[in-house]
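Take a look at the structure below.
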2 protein chains.
Amino acid sequence: MTAHSYHAELAWLDSPAENVLIEVEGERLVRVTEGAEAPPDAVRLPGITVPGLANAHSHAFHRALRGRTQAGSGDFWAWRERMYEVAGRLDPDSYFALARAVYAEMAVAGVTAVGEFHYLHHAADGRAYADPNAMGHALVAAAREAGIRITLLDCCYLAGGLGGEPLSGVQLRYGDGDPAGWADRVALLADGDGVRIGAAIHSVRAVPPEAVEAVAGWARARGTPLHFHLSEQQQENEACLRATGLTPAALLHGRGALGADATAVHATHLSDADVELLGASGTLACLCPTTERDLADGVGPASRLVAAGSRLCLGSDSHSVIDLFEEARAVELDQRLATGLRGHHRPEDLLQAATGCGMASLGWDAGRLVPGALADFTTVSLRSVRTAGSRPQDAAAQVVFAATAADVTHVVVGGRPVAADGRHLALGDVGELLRKALAGLE
Amino acid sequence: MTAHSYHAELAWLDSPAENVLIEVEGERLVRVTEGAEAPPDAVRLPGITVPGLANAHSHAFHRALRGRTQAGSGDFWAWRERMYEVAGRLDPDSYFALARAVYAEMAVAGVTAVGEFHYLHHAADGRAYADPNAMGHALVAAAREAGIRITLLDCCYLAGGLGGEPLSGVQLRYGDGDPAGWADRVALLADGDGVRIGAAIHSVRAVPPEAVEAVAGWARARGTPLHFHLSEQQQENEACLRATGLTPAALLHGRGALGADATAVHATHLSDADVELLGASGTLACLCPTTERDLADGVGPASRLVAAGSRLCLGSDSHSVIDLFEEARAVELDQRLATGLRGHHRPEDLLQAATGCGMASLGWDAGRLVPGALADFTTVSLRSVRTAGSRPQDAAAQVVFAATAADVTHVVVGGRPVAADGRHLALGDVGELLRKALAGLE
């Protein structure tokens with residue numbers, strides 16, 4: 001078991017601490033000491049070191065849309081058509097190459113764990129690959145090469161709409177026929193070093209009520225994370241009310257999907273009763289503000305969810321931007337636009353959303369710099385043009401409101417250095433990796 | 001007169017062009033040739049080269065608040081109290097040091113011209129400095145050392161409110177007594193190489209109607225840009241209606257302040273009639289979306305202003321962020337949040353707001369890569385993790401929606417290289433410059 005140590009100029013130990021000696025054995029922290037001298041062999045970490053960032057909601061292949069669809073007009077549903085075109089072109093090899101580059105972009109942005117909401121399961125005509133999890137295995141291999149943890153949120157996707165419409169076109173790639181078909185395939189996936197298999201319900205649009213119950217039960221029986229898209233668009237709410245007489249949140253509640261091990265992604269258009277259901281059940285809310293801006297989803301009730309009892313976590317979702325600091329500040333800033341008031345979320349709470357709460361949502365024992373936790377941490381320069389002039393007592397606000405992904409210097413995952421001085425140690429030029437992977441899709 | 005040339009892999013000539021030879025004599029462009037070979041002595045510009053960015057609304061000293069007030073609660077007026085504290089601490093030397101660092105941050109972010117909305121004129125008790133323009137001269141010297149153009153929008157600030165309340169506290173530093181006192185002081189300022197003196201009316205709160213007329217007349221007589229804050233907050237509108245029976249836009253219109261040489265900053269809370277007044281007069285609207293998010297101002301009627309005939313330009317204002325690409329995309333993204341629809345502004349129009357329209361607002365013959373124009377341009381890498389995978393035909397969308405200030409590599413102002421490979425050529429480590437300047441204010 002390797003043992004080594006890092007010395008942080010400043011570290012976030014639920015409050016800012018100076019001269020922090022971080023001692024690692026194997027993949028875990030063994031000692032975290034404030035006000036300590038740096039041993040000669042310690043790796044110096046100038047700037048502020050925070051727990052590893054958790055990107056709790058990712059669709060890796062959407063990175064291929066960056067700069068190509070942002071100019072688009074129309075609504076969410078028009079954008080979805082363009083997204084489906086890319087989904088139709090991927091195979092296990094091209095998906096691996098793209099996901100490896102996207103996860104490497106996350107790694108150099110300080111992300112140490114990703115939640116991949118994965119529904120692109122089968123070949124173009126819906127037939128299973130020889131390995132029915134060929135696409136899932138490509139994502140797992142991609143995360144491993146990028147050096148970050150992955151929670152593969154394997155997504156059940158059965159119907160083309162709330163009327164139980166059959167899947168059509170690209171959607172055929174998503175389907176497993178019925179919940180048993182989904183469970184049989186997912187049973188062939190296994191947890192591993194830096195890999196957790198979780199469950200996902202795509203949405204009430206794509207998963208009938210009985211199937212919601214089956215997938216939620218499957219996740220509970222295995223004690224694994226459960227994620228679902230919730231009320232990203234008003235149209236989904238209206239269709240759900242027409243078809244079932246329930247809001248999506250109420251339907252999921254009635255079928256046992258809510259709970260402290262569950263994460264509702266977006267949670268944008270909620271009734272007061274919906275907010276109470278999520279809060280009372282301790283369901284996490286994963287906000288994806290840069291995507292919600294891009295797709296014109298709207299501003300969700302973030303502070304009402306917190307008041308009701310939900311913890312917030314963050315995801316870059318469609319990857320129009322991969323910057324968890326931008327996601328964190330956007331939660332507060334978009335609430336300001338919606339209300340005309342400041343101060344809905346404390347910077348330390350937004351930092352907690354980007355770290356500890358995200359790790360909880362993904363089922364990782366990480367997100368705090370305490371002995372026994374997984375040794376995942378990220379160092380942010382406080383000497384860049386963006387962060388220069390920060391004061392220790394303002395460190396949380398500085399990082400959340402001033403830093404960008406470009407200010408991340410060192411990234412350690414499970415005690416293993418993944419990035420140093422902003423460079424990916426194993427993969428090198430991540431921009432070039434992205435360029436090649438995207439060129440392969442043209 | 002020095003002559004030299006640059007060869008851009010891709011350049012924005014109102015549309016994307018490949019292999020563009022940019023030839024410069026003195027401070028101006030003499031030839032811009034698409035599809036050209038690179039002469040051996042040409043400076044290579046990999047990535048996309050766009051006209052120099054114009055930061056049309058700046059309060060340089062607000063940079064001292066970054067990461068210190070973003071965590072704040074309350075409203076705009078509570079934030080203003082904290083801003084006043086910093087304003088109270090500055091003198092010509094510390095203001096020079098801070099502004100030089102802030103303008104250098106702008107330079108490496110691709111900004112080649114700044115519009116400094118300057119009202120911090122006098123000593124702490126309101127007494128004039130020996131040089132009554134000591135503070136304005138500090139700003140001009142700061143921009144010169146940072147290598148960017150400055151339009152010093154010298155601001156008339158006479159009253160503490162719409163009731164004609166006297167100035168108090170820090171506001172004493174802003175005042176010139178009456179419009180003649182303001183004009184006498186401003187008459188001592190002179191245009192110069194890279195320097196233009198413009199006029200500003202702080203707001204209808206701080207400048208009585210007759211003084212609005214006087215300052216507008218002064219600017220018109222000299223053919224120099226005129227800027228004013230307009231309806232950033234509903235409270236200003238309500239107070240103006242109570243005091244004068246007019247909206248701020250109607251008051252400014254009635255006093256001759258609107259016009260194609262005038263720029264309304266923020267223009268957030270406008271009636272339909274206000275929008276018509278601005279559009280019909282060709283008044284530019286300077287949006288500052290990252291500040292308007294931070295200060296909870298709200299989302300202005302950007303697309304209605306364009307439809308009415310106003311051109312948009314952009315400013316980083318309070319400098320919670322200095323990134324004109326973030327400002328540009330925020331115009332569109334915040335409209336999406338407000339409307340639930342995408343596609344309000346084409347990326348090429350947002351790029352025009354950040355370049356040509358901003359230069360027009362500041363009175364510079366720049367903002368397009370055409371022979372005869374000032375040789376201001378900025379190169380953005382298309383190989384970073386953020387911009388990798390871009391296609392020439394998507395260049396405008398790529399830059400506006402994917403790039404950040406950290407992707408700026410080369411910056412040329414008036415034919416003079418200011419930054420190369422992201423580094424400020426004259427000033428070196430801009431982060432360190434900022435750190436020292438901000439430490440000096442503690």
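Lettering and numbering for the structure tokens are positional, with chains as A, B, ... in the shown order, residues counted from 1 in each chain, and ligands counted from 1 in the shown order.
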
Residues of chain A within 7 Å of chain B, using only C-alpha atoms, as a ChimeraX atom specification? /A:66-68,70-75,105,293-299,320-321,333-334,336-337,340-343,346-347,383-385,388-390,394,397-398,401-402,406,430-432,434-435,438-439

What's around A:Pro92 at 9 Å? Count only C-alpha atoms, leave out sequence neighbours fewer than 5 positions away in its own chain, and write the answer as a ChimeraX atom specification. /A:97,134-139

List the spatial neighbours of B:Arg173 as a count of residues only - criterion: any atom at most 10 Å away, only C-alpha atoms, same-chain residues fewer than 3 positions off excluded. 18

Excluding same-chain residues fewer than 5 positions from A:Val195, what lies within 8 Å of it counting only C-alpha atoms, as a PyMOL selection string? chain A and resi 140+149-152

Just all heavy atoms for this one: save the residues we selected as a PDB file, in the first residue's frame.
```pdb
ATOM      1  N   VAL A 140     -17.352   2.904 -18.947  1.00  0.00           N
ATOM      2  CA  VAL A 140     -16.550   2.541 -17.772  1.00  0.00           C
ATOM      3  C   VAL A 140     -15.060   2.582 -18.123  1.00  0.00           C
ATOM      4  O   VAL A 140     -14.241   3.146 -17.392  1.00  0.00           O
ATOM      5  CB  VAL A 140     -16.967   1.148 -17.251  1.00  0.00           C
ATOM      6  CG1 VAL A 140     -15.937   0.611 -16.260  1.00  0.00           C
ATOM      7  CG2 VAL A 140     -18.352   1.225 -16.612  1.00  0.00           C
ATOM      8  N   ARG A 149     -13.622   8.543 -11.158  1.00  0.00           N
ATOM      9  CA  ARG A 149     -14.645   7.575 -10.767  1.00  0.00           C
ATOM     10  C   ARG A 149     -15.869   7.731 -11.664  1.00  0.00           C
ATOM     11  O   ARG A 149     -16.176   8.832 -12.120  1.00  0.00           O
ATOM     12  CB  ARG A 149     -15.103   7.817  -9.320  1.00  0.00           C
ATOM     13  CG  ARG A 149     -14.006   7.800  -8.324  1.00  0.00           C
ATOM     14  CD  ARG A 149     -14.500   8.091  -6.904  1.00  0.00           C
ATOM     15  NE  ARG A 149     -13.322   8.279  -6.069  1.00  0.00           N
ATOM     16  CZ  ARG A 149     -12.575   7.266  -5.618  1.00  0.00           C
ATOM     17  NH1 ARG A 149     -12.916   6.015  -5.916  1.00  0.00           N
ATOM     18  NH2 ARG A 149     -11.507   7.499  -4.897  1.00  0.00           N
ATOM     19  N   ILE A 150     -16.567   6.631 -11.884  1.00  0.00           N
ATOM     20  CA  ILE A 150     -17.836   6.710 -12.607  1.00  0.00           C
ATOM     21  C   ILE A 150     -18.911   5.944 -11.847  1.00  0.00           C
ATOM     22  O   ILE A 150     -18.664   4.843 -11.348  1.00  0.00           O
ATOM     23  CB  ILE A 150     -17.713   6.166 -14.054  1.00  0.00           C
ATOM     24  CG1 ILE A 150     -19.038   6.359 -14.818  1.00  0.00           C
ATOM     25  CG2 ILE A 150     -17.275   4.699 -14.064  1.00  0.00           C
ATOM     26  CD1 ILE A 150     -18.944   6.085 -16.330  1.00  0.00           C
ATOM     27  N   THR A 151     -20.055   6.575 -11.691  1.00  0.00           N
ATOM     28  CA  THR A 151     -21.263   5.868 -11.290  1.00  0.00           C
ATOM     29  C   THR A 151     -22.090   5.758 -12.565  1.00  0.00           C
ATOM     30  O   THR A 151     -22.573   6.768 -13.091  1.00  0.00           O
ATOM     31  CB  THR A 151     -22.024   6.623 -10.189  1.00  0.00           C
ATOM     32  OG1 THR A 151     -21.180   6.695  -9.033  1.00  0.00           O
ATOM     33  CG2 THR A 151     -23.313   5.896  -9.827  1.00  0.00           C
ATOM     34  N   LEU A 152     -22.152   4.542 -13.097  1.00  0.00           N
ATOM     35  CA  LEU A 152     -22.896   4.312 -14.334  1.00  0.00           C
ATOM     36  C   LEU A 152     -24.367   4.155 -13.968  1.00  0.00           C
ATOM     37  O   LEU A 152     -24.773   3.119 -13.430  1.00  0.00           O
ATOM     38  CB  LEU A 152     -22.384   3.066 -15.057  1.00  0.00           C
ATOM     39  CG  LEU A 152     -23.001   2.828 -16.438  1.00  0.00           C
ATOM     40  CD1 LEU A 152     -22.527   3.876 -17.440  1.00  0.00           C
ATOM     41  CD2 LEU A 152     -22.680   1.425 -16.946  1.00  0.00           C
TER      42      LEU A 152
END
```

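Relative to atom CA of B:Asn19, atom CA of B:Glu34 is found at 5.9 Å.
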
Residues at most 12 Å from A:Gly161, counting only C-alpha atoms, excluding those fewer than 5 positions away in the same chain, as a PyMOL selection string? chain A and resi 166-168+171+202-208+235-236+239-240+243

Distance query B:Leu362 at most 7 Å, only C-alpha atoms, self and fewer than 5 positions along chain excluded, as number ranges by chain: B: 56, 115, 151, 225

Can you write out the residues you just picked, keeping N, CA and C atoms, as a short mmCIF file (atom, residue, chain, number, x, y, z; two decimals), in the first residue's frame?
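Contents of selection.cif, freshly written:
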```
data_model
loop_
_atom_site.label_atom_id
_atom_site.label_comp_id
_atom_site.auth_asym_id
_atom_site.auth_seq_id
_atom_site.Cartn_x
_atom_site.Cartn_y
_atom_site.Cartn_z
N ALA B 56 -17.52 47.96 -23.00
CA ALA B 56 -18.11 49.30 -23.11
C ALA B 56 -18.57 49.89 -21.78
N GLY B 115 -14.42 51.25 -21.95
CA GLY B 115 -15.16 52.47 -21.62
C GLY B 115 -15.26 52.58 -20.11
N THR B 151 -11.78 54.91 -23.47
CA THR B 151 -12.67 56.06 -23.60
C THR B 151 -13.07 56.42 -22.18
N PRO B 225 -18.68 60.46 -27.35
CA PRO B 225 -19.69 59.53 -26.84
C PRO B 225 -20.32 60.01 -25.53
#
```

Members of stretch 270-436 of chain B assigned helix (DSSP H, G or I) by DSSP, as number ranges by chain: B: 272-280, 289-294, 302-308, 324-339, 347-362, 392-402, 405-407, 430-436

Please run DSSP on the backbone and report, as a ChimeraX atom specification, all residues within stretch 27-58 of chain A that come out as strand (DSSP E). /A:28-33,43-51,53-58

Interatomic distance (Å, one decimal) between atom CA of A:Glu23 and atom CA of A:Glu145: 24.8 Å

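For the atom pair formed by atom CA of B:Ala199 and atom CA of B:Asn133, the distance is 14.1 Å, given to one decimal.
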
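When only C-alpha atoms are used to compute distances to A:Val411, the closest of the residues A:Val86, A:Cys288, A:Ala146, A:Ala249 turns out to be A:Ala146.
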